[in-house]
$ cat target_19.pdb   # PDB, C-alpha atoms
ATOM      1  CA  MET A  28     -16.521  -6.117  -9.785
ATOM      2  CA  TYR A  29     -18.604  -6.501  -6.634
ATOM      3  CA  ALA A  30     -18.037  -4.309  -3.583
ATOM      4  CA  ILE A  31     -19.608  -3.188  -0.322
ATOM      5  CA  GLU A  32     -20.590   0.472  -0.661
ATOM      6  CA  LEU A  33     -21.689   3.007   1.917
ATOM      7  CA  ASP A  34     -24.037   5.559   0.337
ATOM      8  CA  ALA A  35     -24.581   7.618   3.489
ATOM      9  CA  PRO A  36     -23.524   7.066   7.121
ATOM     10  CA  ALA A  37     -26.220   5.571   9.327
ATOM     11  CA  PRO A  38     -26.565   3.087  12.212
ATOM     12  CA  LEU A  39     -26.039  -0.534  11.222
ATOM     13  CA  SER A  40     -29.651  -1.197  12.189
ATOM     14  CA  GLU A  41     -30.673   0.957   9.201
ATOM     15  CA  HIS A  42     -28.643  -1.216   6.780
ATOM     16  CA  PRO A  43     -26.391   1.475   5.262
ATOM     17  CA  LEU A  44     -24.113  -1.009   3.428
ATOM     18  CA  THR A  45     -24.926  -2.508   0.034
ATOM     19  CA  TRP A  46     -23.148  -5.358  -1.810
ATOM     20  CA  ARG A  47     -23.421  -4.343  -5.453
ATOM     21  CA  GLU A  48     -21.734  -4.565  -8.833
ATOM     22  CA  ILE A  49     -19.704  -1.498  -9.876
ATOM     23  CA  ALA A  50     -17.002  -0.728 -12.443
ATOM     24  CA  THR A  51     -13.523  -2.096 -11.789
ATOM     25  CA  PRO A  52     -11.105   0.841 -11.402
ATOM     26  CA  GLU A  53      -8.012   1.311 -13.548
ATOM     27  CA  PRO A  54      -4.642   2.186 -12.027
ATOM     28  CA  GLY A  55      -3.237   5.650 -12.670
ATOM     29  CA  PRO A  56       0.453   6.649 -12.682
ATOM     30  CA  GLY A  57       2.299   5.106  -9.751
ATOM     31  CA  GLN A  58      -0.658   2.938  -8.797
ATOM     32  CA  LEU A  59      -1.478  -0.769  -8.516
ATOM     33  CA  LEU A  60      -4.756  -2.523  -9.215
ATOM     34  CA  ILE A  61      -5.028  -5.203  -6.552
ATOM     35  CA  LYS A  62      -7.239  -8.274  -6.687
ATOM     36  CA  VAL A  63      -8.268  -8.334  -3.026
ATOM     37  CA  ALA A  64      -7.816 -11.594  -1.154
ATOM     38  CA  ALA A  65      -8.769 -10.319   2.287
ATOM     39  CA  CYS A  66      -9.540  -7.234   4.357
ATOM     40  CA  GLY A  67      -9.599  -6.938   8.132
ATOM     41  CA  VAL A  68     -12.586  -5.398   9.920
ATOM     42  CA  CYS A  69     -11.584  -2.505  12.174
ATOM     43  CA  ARG A  70     -13.710  -0.665  14.722
ATOM     44  CA  SER A  71     -12.800   2.554  12.933
ATOM     45  CA  ASN A  72     -14.722   1.192   9.895
ATOM     46  CA  LEU A  73     -17.764   1.092  12.169
ATOM     47  CA  HIS A  74     -17.218   4.674  13.358
ATOM     48  CA  MET A  75     -17.184   5.894   9.747
ATOM     49  CA  ILE A  76     -20.152   3.796   8.655
ATOM     50  CA  GLU A  77     -22.351   4.952  11.538
ATOM     51  CA  GLY A  78     -21.463   8.636  11.063
ATOM     52  CA  ASP A  79     -19.307   9.265  14.134
ATOM     53  CA  TRP A  80     -16.681  11.083  12.061
ATOM     54  CA  VAL A  81     -18.864  13.137   9.707
ATOM     55  CA  ASP A  82     -17.840  16.389  11.416
ATOM     56  CA  GLY A  83     -14.224  15.513  10.635
ATOM     57  CA  GLY A  84     -14.950  15.061   6.927
ATOM     58  CA  VAL A  85     -15.055  11.256   6.964
ATOM     59  CA  PRO A  86     -16.190   9.692   4.710
ATOM     60  CA  ALA A  87     -14.663  12.117   2.239
ATOM     61  CA  ILE A  88     -16.564  10.747  -0.776
ATOM     62  CA  SER A  89     -19.957   9.170  -1.346
ATOM     63  CA  PRO A  90     -20.558   6.414  -2.059
ATOM     64  CA  ILE A  91     -17.401   4.925  -0.546
ATOM     65  CA  ILE A  92     -16.012   1.419  -0.134
ATOM     66  CA  PRO A  93     -14.776   0.901   3.471
ATOM     67  CA  GLY A  94     -11.828  -1.252   4.538
ATOM     68  CA  HIS A  95      -8.209  -0.304   5.193
ATOM     69  CA  GLU A  96      -6.162  -3.430   6.002
ATOM     70  CA  ALA A  97      -5.906  -5.427   2.810
ATOM     71  CA  THR A  98      -3.959  -8.153   1.076
ATOM     72  CA  GLY A  99      -4.148  -9.548  -2.435
ATOM     73  CA  THR A 100      -2.260  -9.904  -5.692
ATOM     74  CA  VAL A 101      -1.282  -7.284  -8.238
ATOM     75  CA  ALA A 102      -3.685  -7.424 -11.192
ATOM     76  CA  ALA A 103      -2.379  -4.448 -13.193
ATOM     77  CA  LEU A 104       0.284  -1.758 -13.020
ATOM     78  CA  GLY A 105      -0.042   1.973 -13.553
ATOM     79  CA  ALA A 106       2.520   3.953 -15.533
ATOM     80  CA  GLY A 107       5.934   4.241 -13.937
ATOM     81  CA  VAL A 108       5.610   1.371 -11.446
ATOM     82  CA  THR A 109       8.835  -0.657 -11.298
ATOM     83  CA  THR A 110       8.781  -2.095  -7.757
ATOM     84  CA  PHE A 111       5.952  -4.587  -8.365
ATOM     85  CA  GLN A 112       4.968  -7.044 -11.065
ATOM     86  CA  VAL A 113       1.592  -8.518 -11.988
ATOM     87  CA  GLY A 114       0.963 -11.491  -9.725
ATOM     88  CA  ASP A 115       2.987 -10.203  -6.759
ATOM     89  CA  ARG A 116       1.497 -10.729  -3.322
ATOM     90  CA  VAL A 117       0.825  -7.328  -1.799
ATOM     91  CA  GLY A 118      -0.583  -5.588   1.251
ATOM     92  CA  VAL A 119      -2.002  -2.127   1.922
ATOM     93  CA  GLN A 120      -2.425  -0.346   5.258
ATOM     94  CA  PRO A 121      -4.566   2.685   6.200
ATOM     95  CA  LEU A 122      -1.887   5.109   5.011
ATOM     96  CA  TRP A 123      -2.892   5.153   1.311
ATOM     97  CA  TRP A 124      -1.016   8.310   0.210
ATOM     98  CA  THR A 125       1.221  10.996   1.715
ATOM     99  CA  CYS A 126       2.655  14.185   0.257
ATOM    100  CA  GLU A 127       6.356  13.116   0.538
ATOM    101  CA  GLU A 128       7.305  16.787   1.025
ATOM    102  CA  CYS A 129       6.342  17.879   4.559
ATOM    103  CA  GLU A 130       8.553  17.745   7.670
ATOM    104  CA  PHE A 131       6.928  14.478   8.731
ATOM    105  CA  CYS A 132       7.304  12.700   5.390
ATOM    106  CA  LEU A 133      10.940  13.837   5.152
ATOM    107  CA  SER A 134      11.782  12.600   8.652
ATOM    108  CA  GLY A 135      10.345   9.074   8.503
ATOM    109  CA  ARG A 136       7.111  10.025  10.262
ATOM    110  CA  GLU A 137       4.835   9.935   7.246
ATOM    111  CA  GLU A 138       1.935   8.676   9.363
ATOM    112  CA  LEU A 139       1.708  12.264  10.709
ATOM    113  CA  CYS A 140       1.484  13.900   7.262
ATOM    114  CA  HIS A 141      -1.288  16.506   7.423
ATOM    115  CA  GLU A 142      -2.213  15.832   3.783
ATOM    116  CA  ARG A 143      -2.406  12.048   4.186
ATOM    117  CA  LYS A 144      -5.226  10.083   2.606
ATOM    118  CA  ILE A 145      -6.602   7.108   4.511
ATOM    119  CA  THR A 146      -7.677   3.932   2.744
ATOM    120  CA  GLY A 147     -11.417   3.413   2.932
ATOM    121  CA  GLU A 148     -12.047   6.869   4.435
ATOM    122  CA  HIS A 149     -10.761   9.387   1.890
ATOM    123  CA  VAL A 150     -10.616   6.944  -1.030
ATOM    124  CA  ASN A 151     -12.236   3.610  -1.801
ATOM    125  CA  GLY A 152     -10.978   0.743   0.325
ATOM    126  CA  ALA A 153     -10.894  -3.032   0.277
ATOM    127  CA  TYR A 154     -14.386  -4.333   1.061
ATOM    128  CA  ALA A 155     -14.356  -5.282  -2.603
ATOM    129  CA  GLU A 156     -13.011  -7.645  -5.245
ATOM    130  CA  PHE A 157     -10.478  -5.064  -6.478
ATOM    131  CA  MET A 158      -8.909  -1.885  -5.094
ATOM    132  CA  LEU A 159      -6.322   0.723  -6.046
ATOM    133  CA  SER A 160      -3.183   1.552  -4.091
ATOM    134  CA  TYR A 161      -0.028   3.565  -4.609
ATOM    135  CA  ALA A 162       3.084   1.469  -5.111
ATOM    136  CA  ALA A 163       4.946   3.794  -2.726
ATOM    137  CA  HIS A 164       2.560   2.752   0.062
ATOM    138  CA  SER A 165       2.167  -0.932  -0.842
ATOM    139  CA  TYR A 166       4.142  -3.836   0.566
ATOM    140  CA  HIS A 167       5.381  -7.196  -0.639
ATOM    141  CA  VAL A 168       3.820  -9.961   1.477
ATOM    142  CA  PRO A 169       6.271 -12.824   2.132
ATOM    143  CA  GLU A 170       5.313 -16.178   0.620
ATOM    144  CA  SER A 171       5.373 -17.831   4.054
ATOM    145  CA  ILE A 172       2.365 -15.814   5.271
ATOM    146  CA  ASP A 173      -1.200 -16.738   4.326
ATOM    147  CA  LEU A 174      -2.876 -13.725   2.688
ATOM    148  CA  VAL A 175      -5.961 -13.914   4.918
ATOM    149  CA  ASP A 176      -3.884 -14.200   8.089
ATOM    150  CA  ALA A 177      -1.680 -11.347   6.858
ATOM    151  CA  ALA A 178      -4.457  -8.762   6.490
ATOM    152  CA  PRO A 179      -4.497  -7.632  10.160
ATOM    153  CA  LEU A 180      -0.752  -7.015  10.037
ATOM    154  CA  PHE A 181      -1.611  -3.905   8.023
ATOM    155  CA  CYS A 182      -3.536  -2.104  10.771
ATOM    156  CA  PRO A 183      -3.390  -3.849  14.156
ATOM    157  CA  GLY A 184       0.120  -5.064  13.364
ATOM    158  CA  ILE A 185       1.681  -1.733  12.407
ATOM    159  CA  THR A 186      -0.301   0.174  15.058
ATOM    160  CA  ALA A 187       0.820  -2.203  17.798
ATOM    161  CA  PHE A 188       4.457  -2.281  16.643
ATOM    162  CA  SER A 189       4.656   1.508  16.652
ATOM    163  CA  ALA A 190       3.022   1.702  20.085
ATOM    164  CA  VAL A 191       5.425  -0.785  21.677
ATOM    165  CA  SER A 192       8.416   0.916  20.048
ATOM    166  CA  LYS A 193       7.615   4.043  22.088
ATOM    167  CA  LEU A 194       8.332   2.172  25.336
ATOM    168  CA  ASP A 195      11.576   1.157  27.026
ATOM    169  CA  LEU A 196      10.832  -2.529  27.628
ATOM    170  CA  GLY A 197      12.990  -5.534  28.371
ATOM    171  CA  PRO A 198      13.590  -8.340  30.872
ATOM    172  CA  GLY A 199      12.495  -7.417  34.371
ATOM    173  CA  LYS A 200       9.916  -4.891  33.188
ATOM    174  CA  ARG A 201       6.162  -5.325  33.651
ATOM    175  CA  VAL A 202       3.836  -3.940  30.989
ATOM    176  CA  GLY A 203       0.056  -4.018  30.930
ATOM    177  CA  VAL A 204      -2.019  -4.274  27.750
ATOM    178  CA  PHE A 205      -5.534  -2.976  28.388
ATOM    179  CA  GLY A 206      -7.900  -4.151  25.640
ATOM    180  CA  ILE A 207      -6.995  -7.460  23.967
ATOM    181  CA  GLY A 208      -8.779  -7.062  20.665
ATOM    182  CA  GLY A 209      -7.336  -6.656  17.185
ATOM    183  CA  VAL A 210      -4.555  -4.226  18.136
ATOM    184  CA  GLY A 211      -4.132  -5.487  21.681
ATOM    185  CA  HIS A 212      -3.398  -9.084  20.705
ATOM    186  CA  MET A 213      -0.617  -7.835  18.422
ATOM    187  CA  ALA A 214       0.826  -5.389  20.981
ATOM    188  CA  LEU A 215       0.983  -8.201  23.511
ATOM    189  CA  GLN A 216       3.191 -10.234  21.180
ATOM    190  CA  PHE A 217       5.568  -7.367  20.374
ATOM    191  CA  ALA A 218       5.903  -6.657  24.101
ATOM    192  CA  VAL A 219       6.610 -10.339  24.826
ATOM    193  CA  LEU A 220       9.422 -10.256  22.244
ATOM    194  CA  THR A 221      11.226  -7.642  24.361
ATOM    195  CA  GLY A 222      11.468 -10.087  27.262
ATOM    196  CA  ALA A 223       9.114  -8.083  29.473
ATOM    197  CA  ASP A 224       6.375  -9.707  31.545
ATOM    198  CA  VAL A 225       3.075  -8.817  29.879
ATOM    199  CA  ILE A 226      -0.144  -8.481  31.857
ATOM    200  CA  ALA A 227      -3.252  -8.684  29.673
ATOM    201  CA  VAL A 228      -6.404  -6.922  30.872
ATOM    202  CA  GLY A 229      -9.782  -7.531  29.255
ATOM    203  CA  ARG A 230     -13.411  -8.415  29.851
ATOM    204  CA  SER A 231     -13.914 -11.077  27.174
ATOM    205  CA  ALA A 232     -13.130 -14.677  28.093
ATOM    206  CA  GLY A 233     -12.204 -15.322  24.461
ATOM    207  CA  HIS A 234      -9.795 -12.402  24.362
ATOM    208  CA  LEU A 235      -8.135 -13.489  27.609
ATOM    209  CA  GLU A 236      -7.721 -17.034  26.273
ATOM    210  CA  VAL A 237      -5.981 -15.594  23.213
ATOM    211  CA  ALA A 238      -3.733 -13.528  25.484
ATOM    212  CA  LYS A 239      -2.608 -16.628  27.354
ATOM    213  CA  GLU A 240      -1.968 -18.463  24.075
ATOM    214  CA  LEU A 241       0.224 -15.592  22.897
ATOM    215  CA  GLY A 242       2.465 -15.499  25.956
ATOM    216  CA  ALA A 243       0.853 -13.226  28.550
ATOM    217  CA  ALA A 244       2.370 -13.758  31.989
ATOM    218  CA  GLU A 245      -1.035 -13.039  33.511
ATOM    219  CA  ALA A 246      -4.556 -12.396  32.194
ATOM    220  CA  VAL A 247      -6.774 -10.154  34.329
ATOM    221  CA  ASP A 248     -10.543 -10.405  33.902
ATOM    222  CA  SER A 249     -11.908  -6.902  34.456
ATOM    223  CA  THR A 250     -15.416  -8.286  35.012
ATOM    224  CA  LYS A 251     -14.188 -10.008  38.180
ATOM    225  CA  VAL A 252     -11.690  -7.541  39.640
ATOM    226  CA  ASP A 253     -10.983  -3.845  39.362
ATOM    227  CA  PRO A 254      -7.730  -3.927  37.344
ATOM    228  CA  GLY A 255      -6.683  -0.478  38.567
ATOM    229  CA  GLU A 256      -6.977  -1.568  42.177
ATOM    230  CA  TYR A 257      -5.596  -5.066  41.572
ATOM    231  CA  LEU A 258      -2.519  -3.825  39.682
ATOM    232  CA  GLU A 259      -2.114  -0.482  41.458
ATOM    233  CA  ASP A 260       1.358   1.073  41.081
ATOM    234  CA  SER A 261       2.847  -2.185  39.749
ATOM    235  CA  LEU A 262       3.403  -1.664  36.018
ATOM    236  CA  ASP A 263       6.417   0.010  34.434
ATOM    237  CA  ALA A 264       4.376   0.757  31.320
ATOM    238  CA  VAL A 265       0.862   0.353  29.992
ATOM    239  CA  LEU A 266      -0.662   0.214  26.519
ATOM    240  CA  THR A 267      -4.354   1.028  26.162
ATOM    241  CA  PHE A 268      -6.554   0.114  23.220
ATOM    242  CA  ALA A 269     -10.005   0.117  24.836
ATOM    243  CA  PRO A 270     -12.090   3.249  24.083
ATOM    244  CA  SER A 271     -13.320   3.580  27.660
ATOM    245  CA  ASP A 272     -12.530   6.317  30.178
ATOM    246  CA  ALA A 273     -12.971   3.827  33.040
ATOM    247  CA  VAL A 274     -10.514   1.365  31.493
ATOM    248  CA  ASN A 275      -7.944   4.065  30.867
ATOM    249  CA  ALA A 276      -8.320   5.489  34.368
ATOM    250  CA  GLY A 277      -7.632   1.993  35.693
ATOM    251  CA  ALA A 278      -4.586   1.708  33.448
ATOM    252  CA  LEU A 279      -3.196   4.972  34.822
ATOM    253  CA  ARG A 280      -3.797   3.791  38.374
ATOM    254  CA  ALA A 281      -1.905   0.564  37.628
ATOM    255  CA  LEU A 282       1.073   2.534  36.309
ATOM    256  CA  LYS A 283       4.073   3.093  38.572
ATOM    257  CA  TRP A 284       5.297   6.542  39.441
ATOM    258  CA  GLY A 285       7.523   7.660  36.576
ATOM    259  CA  GLY A 286       5.968   5.092  34.218
ATOM    260  CA  THR A 287       4.744   5.574  30.651
ATOM    261  CA  LEU A 288       1.280   5.072  29.199
ATOM    262  CA  VAL A 289       0.937   4.729  25.420
ATOM    263  CA  THR A 290      -2.563   4.918  23.993
ATOM    264  CA  GLY A 291      -4.169   4.319  20.639
ATOM    265  CA  VAL A 292      -7.581   5.655  21.746
ATOM    266  CA  PRO A 293      -8.915   9.010  23.008
ATOM    267  CA  LEU A 294      -8.334   9.649  26.725
ATOM    268  CA  THR A 295     -10.187  11.753  29.265
ATOM    269  CA  PHE A 296      -8.555  11.941  32.680
ATOM    270  CA  GLU A 297     -10.041  13.583  35.750
ATOM    271  CA  GLY A 298      -7.386  14.856  38.103
ATOM    272  CA  PHE A 299      -4.221  13.752  36.286
ATOM    273  CA  PRO A 300      -1.639  12.930  38.995
ATOM    274  CA  PHE A 301       1.145  15.228  37.779
ATOM    275  CA  ASN A 302       3.145  14.617  40.948
ATOM    276  CA  LYS A 303       3.781  11.010  39.878
ATOM    277  CA  SER A 304       5.827  12.244  36.895
ATOM    278  CA  GLN A 305       4.098   9.844  34.534
ATOM    279  CA  THR A 306       4.265  10.195  30.755
ATOM    280  CA  VAL A 307       1.298   9.805  28.397
ATOM    281  CA  ILE A 308       2.018   9.251  24.678
ATOM    282  CA  GLY A 309      -0.459   9.005  21.828
ATOM    283  CA  THR A 310       0.235   6.679  18.910
ATOM    284  CA  ILE A 311      -1.139   6.248  15.393
ATOM    285  CA  LEU A 312      -0.082   3.704  12.774
ATOM    286  CA  GLY A 313       3.651   3.698  11.927
ATOM    287  CA  ASN A 314       6.093   4.362   9.116
ATOM    288  CA  ARG A 315       7.040   2.223   6.125
ATOM    289  CA  ALA A 316      10.226   0.866   7.687
ATOM    290  CA  GLN A 317       8.217  -0.313  10.690
ATOM    291  CA  MET A 318       5.636  -1.942   8.427
ATOM    292  CA  ASN A 319       8.356  -3.943   6.713
ATOM    293  CA  GLU A 320       9.711  -5.014  10.108
ATOM    294  CA  VAL A 321       6.253  -6.268  11.089
ATOM    295  CA  LEU A 322       6.160  -8.371   7.928
ATOM    296  CA  ARG A 323       9.652  -9.736   8.624
ATOM    297  CA  LEU A 324       8.711 -10.776  12.153
ATOM    298  CA  ALA A 325       5.567 -12.488  10.857
ATOM    299  CA  ALA A 326       7.513 -14.276   8.121
ATOM    300  CA  ASP A 327       9.992 -15.498  10.742
ATOM    301  CA  GLY A 328       7.133 -16.908  12.825
ATOM    302  CA  LYS A 329       7.775 -14.581  15.771
ATOM    303  CA  ILE A 330       4.282 -13.073  15.689
ATOM    304  CA  ARG A 331       0.948 -14.215  14.303
ATOM    305  CA  THR A 332      -2.550 -12.919  13.868
ATOM    306  CA  VAL A 333      -5.626 -14.578  15.359
ATOM    307  CA  VAL A 334      -8.479 -14.244  12.863
ATOM    308  CA  ASP A 335     -12.099 -15.215  12.308
ATOM    309  CA  ARG A 336     -12.821 -15.572   8.566
ATOM    310  CA  PHE A 337     -16.013 -14.457   6.801
ATOM    311  CA  PRO A 338     -17.166 -13.937   3.180
ATOM    312  CA  MET A 339     -16.645 -10.400   1.882
ATOM    313  CA  ALA A 340     -20.358  -9.936   1.207
ATOM    314  CA  ASP A 341     -21.117 -10.515   4.909
ATOM    315  CA  ALA A 342     -19.441  -7.281   6.065
ATOM    316  CA  ALA A 343     -22.581  -5.882   7.722
ATOM    317  CA  GLU A 344     -23.166  -9.041   9.759
ATOM    318  CA  VAL A 345     -19.513  -9.113  10.815
ATOM    319  CA  LEU A 346     -19.652  -5.507  12.004
ATOM    320  CA  LEU A 347     -22.644  -6.465  14.164
ATOM    321  CA  LYS A 348     -20.568  -9.290  15.670
ATOM    322  CA  LEU A 349     -17.848  -6.753  16.412
ATOM    323  CA  THR A 350     -20.251  -4.463  18.267
ATOM    324  CA  SER A 351     -21.656  -7.325  20.330
ATOM    325  CA  GLY A 352     -18.240  -8.689  21.327
ATOM    326  CA  GLU A 353     -18.723 -12.038  19.606
ATOM    327  CA  LEU A 354     -15.320 -12.106  17.874
ATOM    328  CA  ARG A 355     -12.375 -13.971  19.354
ATOM    329  CA  SER A 356      -9.928 -11.448  17.947
ATOM    330  CA  ARG A 357      -9.785  -9.895  14.451
ATOM    331  CA  ALA A 358     -12.468 -10.532  11.842
ATOM    332  CA  VAL A 359     -11.232 -10.793   8.250
ATOM    333  CA  LEU A 360     -13.402 -10.622   5.139
ATOM    334  CA  LYS A 361     -12.196 -12.767   2.252
ATOM    335  CA  ASN A 362     -12.986 -13.146  -1.436
TER     336      ASN A 362
END
$ encode --input "target_19.pdb" --output "structure tokens"
Amino acid sequence: MYAIELDAPAPLSEHPLTWREIATPEPGPGQLLIKVAACGVCRSNLHMIEGDWVDGGVPAISPIIPGHEATGTVAALGAGVTTFQVGDRVGVQPLWWTCEECEFCLSGREELCHERKITGEHVNGAYAEFMLSYAAHSYHVPESIDLVDAAPLFCPGITAFSAVSKLDLGPGKRVGVFGIGGVGHMALQFAVLTGADVIAVGRSAGHLEVAKELGAAEAVDSTKVDPGEYLEDSLDAVLTFAPSDAVNAGALRALKWGGTLVTGVPLTFEGFPFNKSQTVIGTILGNRAQMNEVLRLAADGKIRTVVDRFPMADAAEVLLKLTSGELRSRAVLKN
């Protein structure tokens, strides 16, 4: 098979990714061999490729195939697999394997498993023609969803669903989404489904256009106004997906006293206003039940992904487009 491999982390300008022919893997017990149809391109792929996470042990193997939001069809079954058949449409998210024994796995919070293995970071991912997954962490993709369009459901989709589920939203509430990229454009839709008024905040004209298409009550261009000042003390809740201290400080300023901020990125606050009794919650991925709910909502036409499609071999060029802000929403590599 052909795959994109990272031999050693380095800046994209040094061309660390190589499209090459390697052996097709064989599924072990409990595993699936998936013929990859598509894989979304996540900013976390870029962090790994350029070496930002080396101190944290990522990538865990070398060479490694990046990519953690994948769809395809089952090509072969490992011993003991009974929940899938060859030819089934399937999806895989970043959570590739968990121990199934810890307090988190046993309480429906497997995304917090300390032993978890992440697709494309600890094991080979989906920038390839084939990949392996565990049946226990693979999902049937409904026939009504295009496999390329479905790929971002398996990272932005589950991440956004879990983030919104941590908020008490509904009619009459105002929620801000700061950062309308891959995750943000999904979070906006889940928030709209609650009946809340959703305020989208971003600096890309393309992203703000997408926000309006997806039901935002208002789209705030942060290149023209200071969103913290403009929205000050007016939002019941905020969701932040932009890795910027300035953006997140503005989001906190926009939050009402007693409001809740949920973030999927690192935060650094100077002078946290404890007297406002605000709550800050971190979020990462989601559990298997939530992933299946995301797929149900997509199959019912209640949410959709906005994707730009590219050939799998063009991964390096697509990552450059991501860094330069050229993408309208989520880039997806396809075979």
$ resolve_selection --input "target_19.pdb" --expression "the PyMOL selection byres ((chain A and resi 214) around 10)" --output "number ranges by chain"
A: 183-192, 204, 206-213, 215-220, 225, 266-268, 330
$ closest_residue --input "target_19.pdb" --among "A:Leu122, A:Lys200, A:Ala155, A:Met339" --to "A:Glu48" --atoms "only C-alpha atoms"
A:Ala155
$ closest_atom_pairs --input "target_19.pdb" --of "stretch 139-246 of chain A" --to "stretch 49-59 of chain A" --cutoff "12 Å" --atoms "only C-alpha atoms" --output "JSON lines"
{"residue": "A:Asn151", "atom": "CA", "partner": "A:Pro52", "partner_atom": "CA", "distance": 10.1}
{"residue": "A:Gly152", "atom": "CA", "partner": "A:Pro52", "partner_atom": "CA", "distance": 11.7}
{"residue": "A:Ala155", "atom": "CA", "partner": "A:Thr51", "partner_atom": "CA", "distance": 9.8}
{"residue": "A:Glu156", "atom": "CA", "partner": "A:Thr51", "partner_atom": "CA", "distance": 8.6}
{"residue": "A:Phe157", "atom": "CA", "partner": "A:Thr51", "partner_atom": "CA", "distance": 6.8}
{"residue": "A:Met158", "atom": "CA", "partner": "A:Pro52", "partner_atom": "CA", "distance": 7.2}
{"residue": "A:Leu159", "atom": "CA", "partner": "A:Leu59", "partner_atom": "CA", "distance": 5.6}
{"residue": "A:Ser160", "atom": "CA", "partner": "A:Leu59", "partner_atom": "CA", "distance": 5.3}
{"residue": "A:Tyr161", "atom": "CA", "partner": "A:Gln58", "partner_atom": "CA", "distance": 4.3}
{"residue": "A:Ala162", "atom": "CA", "partner": "A:Gln58", "partner_atom": "CA", "distance": 5.5}
{"residue": "A:Ala163", "atom": "CA", "partner": "A:Gly57", "partner_atom": "CA", "distance": 7.6}
{"residue": "A:His164", "atom": "CA", "partner": "A:Gln58", "partner_atom": "CA", "distance": 9.4}
{"residue": "A:Ser165", "atom": "CA", "partner": "A:Leu59", "partner_atom": "CA", "distance": 8.5}
{"residue": "A:Tyr166", "atom": "CA", "partner": "A:Leu59", "partner_atom": "CA", "distance": 11.1}
$ residues_near_point --input "target_19.pdb" --point "(-19.9, -3.4, 20.3)" --cutoff "12 Å" --atoms "all atoms listed in the file" --output "list in words"
Leu39, Cys69, Arg70, Ser71, Leu73, His74, Gly208, Ser231, Ala269, Pro270, Val345, Leu346, Leu347, Lys348, Leu349, Thr350, Ser351, Gly352, Glu353 and Leu354 of chain A
$ closest_atom_pairs --input "target_19.pdb" --of "stretch 109-180 of chain A" --to "stretch 288-312 of chain A" --cutoff "12 Å" --atoms "only C-alpha atoms" --output "tab-separated table"
residue	atom	partner	partner_atom	distance
A:Gln120	CA	A:Leu312	CA	8.9
A:Pro121	CA	A:Leu312	CA	8.0
A:Leu122	CA	A:Leu312	CA	8.1
A:Trp123	CA	A:Leu312	CA	11.9
A:Arg136	CA	A:Leu312	CA	9.9
A:Glu137	CA	A:Leu312	CA	9.7
A:Glu138	CA	A:Leu312	CA	6.4
A:Leu139	CA	A:Ile311	CA	8.1
A:Cys140	CA	A:Ile311	CA	11.5
A:Ile145	CA	A:Leu312	CA	11.1
A:Leu180	CA	A:Leu312	CA	11.1
$ atom_distance --input "target_19.pdb" --atom1 "atom CA of A:Leu360" --atom2 "atom CA of A:Gly67"
6.1 Å
$ closest_residue --input "target_19.pdb" --among "A:Leu104, A:Ala177, A:Ala358, A:Val321" --to "A:Phe337" --atoms "all atoms listed in the file"
A:Ala358
$ decode --input "target_19.pdb" --residues "stretch 307-315 of chain A" --atoms "N, CA, C and O atoms" --output "tab-separated table (two decimals), in the first residue's frame"
chain	number	residue	atom	x	y	z
A	307	VAL	N	-14.83	27.34	34.40
A	307	VAL	CA	-14.04	26.98	33.22
A	307	VAL	C	-13.89	25.46	33.19
A	307	VAL	O	-13.49	24.85	34.17
A	308	ILE	N	-14.26	24.85	32.06
A	308	ILE	CA	-14.23	23.40	31.90
A	308	ILE	C	-13.40	23.04	30.68
A	308	ILE	O	-13.60	23.59	29.59
A	309	GLY	N	-12.48	22.11	30.85
A	309	GLY	CA	-11.74	21.57	29.71
A	309	GLY	C	-12.50	20.41	29.10
A	309	GLY	O	-13.29	19.74	29.76
A	310	THR	N	-12.27	20.16	27.81
A	310	THR	CA	-12.96	19.06	27.14
A	310	THR	C	-12.03	18.39	26.15
A	310	THR	O	-11.18	19.05	25.53
A	311	ILE	N	-12.18	17.07	26.01
A	311	ILE	CA	-11.37	16.30	25.07
A	311	ILE	C	-12.21	15.16	24.52
A	311	ILE	O	-12.77	14.36	25.27
A	312	LEU	N	-12.35	15.09	23.23
A	312	LEU	CA	-13.06	14.00	22.56
A	312	LEU	C	-14.42	13.72	23.21
A	312	LEU	O	-15.15	14.64	23.55
A	313	GLY	N	-14.77	12.44	23.36
A	313	GLY	CA	-16.05	12.04	23.92
A	313	GLY	C	-16.11	10.52	23.96
A	313	GLY	O	-15.21	9.84	23.46
A	314	ASN	N	-17.17	9.98	24.54
A	314	ASN	CA	-17.25	8.53	24.66
A	314	ASN	C	-17.95	7.89	23.46
A	314	ASN	O	-18.42	8.57	22.55
A	315	ARG	N	-18.05	6.56	23.48
A	315	ARG	CA	-18.58	5.84	22.33
A	315	ARG	C	-20.06	6.10	22.13
A	315	ARG	O	-20.54	6.19	20.99
